[in-house]
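Worksheet: the structure to be examined is printed underneath.
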Amino acid sequence: MFAATVFDTVLFRNIFGTEEVRECFSERSYVAHMIEAECALSKAEEAEGVIPGGVADVIAQHCHVSKIDWELLGSRTEIVGYPVFPLVEQMASWCPDEEAGYIHWGATTQDIMDLASVLQMRNGLAIVERLIQRVVQTLRTMAAKYRDTPMAGRTHLQHALPITFGYKCGVWLAGMQRHAERLEQIKERCLLVQFGGAAGTLASLGDDGVRVRKRLASILGLRDPVITWHVARDTVAEIVNFLALVGGTLGKIALDLMFMCSNELNEVAEPYVPHRGASSTMPQKRNPISSEVILAQSKILRAQAGLLLDAMITDFERASGPWHLEWTAVPTAFISAVGSLHQADFALAGLQVNEGAMLANLQGTRGLIVAEAVMMALATHTGRREAHEVVYKACVAAHEDGGSLLEALQEIEIVTSHLSHEQLEELCDPTKYMGTCQVMVDELLAQEQR
């Protein structure tokens, strides 16, 4: 049987994801975590004296995902609508009758499914964290290496002011650093144990319920939520929205790279691999494949974030449909985020930087990119308003005549009466007007080191 989505097909799966994250969110992994949750629950209940001693060990010894009858589990899930009841049926069939009766004691279907999902998300976040750190380290290296490499800063796709490529890398780096900080907070806040029983009140366990939940949290290494969160889905939404934020930052980087890879700019190129980015009809093509995939993934991630915000709006004490959105959005978001980070790691770590083209492009407007520098220098003599008008007219003249800003300025008496030829030459040199690019890069790198 062939897969249907880009995340699982032979053709696209390693472009849009990785084997590691697919395994993390695979069907087998999900069922294995449900079994883990049921075994942990019996262990917690035994520890709190709710079920007889020795039961948890017997259940754990007999229950393993390798025993699953997948066809039966699938057909029964289709009938029931949820996989937990048919899973418990199979687990009970593996165990002696006496111990089998204590499987799923006091739990409800959503408890077990949520626990499996949280355990998957915890493992998924570990993958995301590792890749974020790799991208952060790469960008840190790039920001330091290209700290002084001049290039054109662009606003509205037009030359604005000179910057350095290290500064651009630093802006990318700062965003990824903030994501690393967010992830630490999310791990503390959002990885909650779920155990509430039929309506979240733990009524079937009486006074023992809260103690069992706390013990279950300890066994699984999750945070105790104090109160059941069956219909309070902000933590799941926060995790997926975090992944969308990561995708947004990577999408911005990818968009920059795609423009910079264009023949007209030729400032960077994705790592060379024979035939990567090739065209079936145009042998000269070297398309920025990783950047294109990252940009697409950023949009996929935003869509999943929207679904999870919708899933937060639930009815009463058990959602009648919104919860189901998580089943599709959570795995999609994680696979997409990891796939995007994987592509970013590849593209940035081996990025080919054409410093010569950056300098040539910077000088391509013949000094117009530093019109602000001239205006500010002239403003100390004439006032800013008049200086702006004078320099604006010089820029128009340079555009129309095809000359340089320096040549146009030297034709204006009010300019030459206040600024010498040597001053104008220095003011019209784009490499002399970097602002605090280098200072900010230095502070960013020092801050991260601390």
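Ligands are numbered from 1 in the order shown, chains are lettered A, B, ... in the order of the structure tokens, and residues start at 1 in each chain.
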Selection: 8 Å around range 67-73 of chain A, only C-alpha atoms, excl. self and same-chain fewer than 2 positions, as a ChimeraX atom specification
/A:63-65,75-77,83,86-87,90
Using only C-alpha atoms, determine which residues lie at most 12 Å from Asp114 in chain A, disregarding the query and same-chain residues fewer than 2 positions distant; provide the list as a tab-separated table (two decimals) with N, CA, C and O atoms, in the first residue's frame.
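So out-v9.tsv came out as:
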```
chain	number	residue	atom	x	y	z
A	30	TYR	N	2.40	5.69	19.00
A	30	TYR	CA	1.22	6.17	19.73
A	30	TYR	C	0.61	5.05	20.56
A	30	TYR	O	0.31	5.23	21.76
A	31	VAL	N	0.46	3.88	19.97
A	31	VAL	CA	-0.13	2.75	20.70
A	31	VAL	C	0.81	2.30	21.80
A	31	VAL	O	0.38	1.96	22.91
A	33	HIS	N	2.78	4.16	23.50
A	33	HIS	CA	2.65	5.12	24.60
A	33	HIS	C	1.33	4.94	25.35
A	33	HIS	O	1.27	5.19	26.57
A	34	MET	N	0.27	4.52	24.66
A	34	MET	CA	-0.98	4.23	25.36
A	34	MET	C	-0.79	3.04	26.30
A	34	MET	O	-1.28	3.05	27.44
A	37	ALA	N	1.12	4.23	29.21
A	37	ALA	CA	0.25	4.99	30.12
A	37	ALA	C	-0.58	4.06	30.99
A	37	ALA	O	-0.73	4.28	32.20
A	38	GLU	N	-1.14	3.01	30.39
A	38	GLU	CA	-1.95	2.06	31.16
A	38	GLU	C	-1.09	1.35	32.21
A	38	GLU	O	-1.51	1.15	33.35
A	84	VAL	N	-8.88	3.27	22.54
A	84	VAL	CA	-8.53	2.80	23.88
A	84	VAL	C	-9.31	1.57	24.29
A	84	VAL	O	-8.73	0.59	24.81
A	107	ALA	N	-9.89	5.04	34.87
A	107	ALA	CA	-9.50	5.97	33.79
A	107	ALA	C	-10.61	6.11	32.77
A	107	ALA	O	-11.57	5.32	32.73
A	108	THR	N	-10.47	7.11	31.92
A	108	THR	CA	-11.36	7.27	30.77
A	108	THR	C	-10.51	7.31	29.51
A	108	THR	O	-9.28	7.51	29.58
A	109	THR	N	-11.15	7.11	28.38
A	109	THR	CA	-10.43	7.04	27.11
A	109	THR	C	-9.52	8.24	26.90
A	109	THR	O	-8.35	8.10	26.51
A	110	GLN	N	-10.03	9.45	27.16
A	110	GLN	CA	-9.23	10.64	26.89
A	110	GLN	C	-7.99	10.70	27.77
A	110	GLN	O	-6.96	11.22	27.34
A	111	ASP	N	-8.07	10.17	28.98
A	111	ASP	CA	-6.88	10.13	29.84
A	111	ASP	C	-5.72	9.45	29.11
A	111	ASP	O	-4.60	9.97	29.05
A	112	ILE	N	-6.01	8.29	28.58
A	112	ILE	CA	-4.95	7.47	27.98
A	112	ILE	C	-4.48	8.06	26.65
A	112	ILE	O	-3.27	8.11	26.37
A	116	ALA	N	-0.69	9.53	25.91
A	116	ALA	CA	0.13	9.08	24.78
A	116	ALA	C	0.57	10.26	23.93
A	116	ALA	O	1.73	10.33	23.49
A	117	SER	N	-0.34	11.20	23.71
A	117	SER	CA	-0.01	12.37	22.91
A	117	SER	C	1.04	13.24	23.60
A	117	SER	O	1.98	13.73	22.96
A	118	VAL	N	0.91	13.44	24.91
A	118	VAL	CA	1.88	14.25	25.65
A	118	VAL	C	3.26	13.59	25.62
A	118	VAL	O	4.28	14.27	25.45
A	119	LEU	N	3.29	12.28	25.77
A	119	LEU	CA	4.59	11.58	25.72
A	119	LEU	C	5.22	11.70	24.34
A	119	LEU	O	6.44	11.88	24.21
A	120	GLN	N	4.41	11.64	23.31
A	120	GLN	CA	4.93	11.86	21.96
A	120	GLN	C	5.45	13.28	21.80
A	120	GLN	O	6.53	13.50	21.24
A	121	MET	N	4.68	14.25	22.29
A	121	MET	CA	5.10	15.65	22.16
A	121	MET	C	6.38	15.91	22.94
A	121	MET	O	7.24	16.68	22.49
A	191	LEU	N	3.77	20.19	29.54
A	191	LEU	CA	3.81	18.72	29.52
A	191	LEU	C	3.16	18.19	30.79
A	191	LEU	O	3.81	17.86	31.78
A	192	LEU	N	1.83	18.11	30.75
A	192	LEU	CA	1.02	17.78	31.91
A	192	LEU	C	0.54	16.34	31.87
A	192	LEU	O	0.19	15.82	30.82
A	193	VAL	N	0.47	15.72	33.05
A	193	VAL	CA	-0.16	14.41	33.14
A	193	VAL	C	-1.67	14.59	32.97
A	193	VAL	O	-2.21	15.65	33.29
A	194	GLN	N	-2.33	13.55	32.45
A	194	GLN	CA	-3.79	13.60	32.30
A	194	GLN	C	-4.40	12.39	32.98
A	194	GLN	O	-4.11	11.26	32.62
A	195	PHE	N	-5.20	12.64	34.00
A	195	PHE	CA	-5.93	11.56	34.66
A	195	PHE	C	-7.08	12.19	35.42
A	195	PHE	O	-6.90	12.81	36.45
A	196	GLY	N	-8.29	12.02	34.87
A	196	GLY	CA	-9.46	12.64	35.49
A	196	GLY	C	-10.67	11.76	35.55
A	196	GLY	O	-11.64	12.09	36.22
A	228	THR	N	-8.00	18.69	36.32
A	228	THR	CA	-8.09	18.01	35.02
A	228	THR	C	-8.18	19.01	33.87
A	228	THR	O	-8.86	20.03	33.98
A	229	TRP	N	-7.51	18.68	32.76
A	229	TRP	CA	-7.50	19.59	31.61
A	229	TRP	C	-8.11	18.94	30.36
A	229	TRP	O	-7.78	19.29	29.23
A	230	HIS	N	-9.09	18.05	30.56
A	230	HIS	CA	-9.75	17.41	29.42
A	230	HIS	C	-10.24	18.42	28.39
A	230	HIS	O	-10.13	18.18	27.18
A	231	VAL	N	-10.80	19.52	28.85
A	231	VAL	CA	-11.38	20.50	27.92
A	231	VAL	C	-10.67	21.86	28.00
A	231	VAL	O	-11.16	22.85	27.47
A	232	ALA	N	-9.53	21.89	28.64
A	232	ALA	CA	-8.70	23.11	28.68
A	232	ALA	C	-7.45	22.82	27.85
A	232	ALA	O	-6.44	22.35	28.37
A	233	ARG	N	-7.51	23.11	26.56
A	233	ARG	CA	-6.50	22.62	25.61
A	233	ARG	C	-5.43	23.66	25.28
A	233	ARG	O	-4.76	23.57	24.25
A	235	THR	N	-2.54	24.16	26.56
A	235	THR	CA	-1.15	23.68	26.55
A	235	THR	C	-0.79	23.03	25.21
A	235	THR	O	0.31	23.24	24.69
A	236	VAL	N	-1.71	22.25	24.66
A	236	VAL	CA	-1.46	21.63	23.36
A	236	VAL	C	-1.39	22.71	22.28
A	236	VAL	O	-0.52	22.69	21.40
A	323	TRP	N	-11.66	18.11	19.84
A	323	TRP	CA	-10.50	17.33	20.26
A	323	TRP	C	-9.88	16.55	19.10
A	323	TRP	O	-8.67	16.40	19.00
A	324	HIS	N	-10.74	16.10	18.20
A	324	HIS	CA	-10.27	15.29	17.07
A	324	HIS	C	-9.30	16.05	16.17
A	324	HIS	O	-8.48	15.44	15.48
A	326	GLU	N	-6.83	17.71	17.06
A	326	GLU	CA	-5.46	17.51	17.55
A	326	GLU	C	-4.83	16.26	16.95
A	326	GLU	O	-3.61	16.21	16.75
A	327	TRP	N	-5.65	15.26	16.67
A	327	TRP	CA	-5.10	13.99	16.19
A	327	TRP	C	-4.39	14.16	14.85
A	327	TRP	O	-3.43	13.46	14.56
A	330	VAL	N	-1.38	17.79	15.48
A	330	VAL	CA	-0.16	17.66	16.29
A	330	VAL	C	0.94	16.90	15.55
A	330	VAL	O	2.07	17.40	15.41
```
Determine, counting only C-alpha atoms, which protein, DNA and RNA residues have an atom within 10 Å of an atom of range 297-305 of chain A; residues of the same chain fewer than 3 positions away are not included. Present the result as a PyMOL selection string.
chain A and resi 16-17+236-252+254+291-294+308-311+325-326+328-341
Between CA of Leu445 in chain A and CA of Ala344 in chain A, what is the spacing in Å?
20.3 Å
Would you please extract all alpha helix (DSSP H) residues from range 7-198 of chain A, as assigned by DSSP on the backbone, and give them as a PyMOL selection string?
chain A and resi 13-16+19-24+27-47+55-62+70-80+84-94+97-100+109-145+165-190
Please list as a PyMOL selection string every residue within 8 Å of range 209-212 of chain A, counting only C-alpha atoms and excluding residues in the same chain fewer than 5 positions away.
chain A and resi 41+44-45+48+202-204
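Of the residues listed (A:Ser290, A:Thr18, A:Thr149, A:Thr365), A:Thr365 shows the shortest atom-to-atom separation from Asp429 in chain A; distances use only C-alpha atoms.
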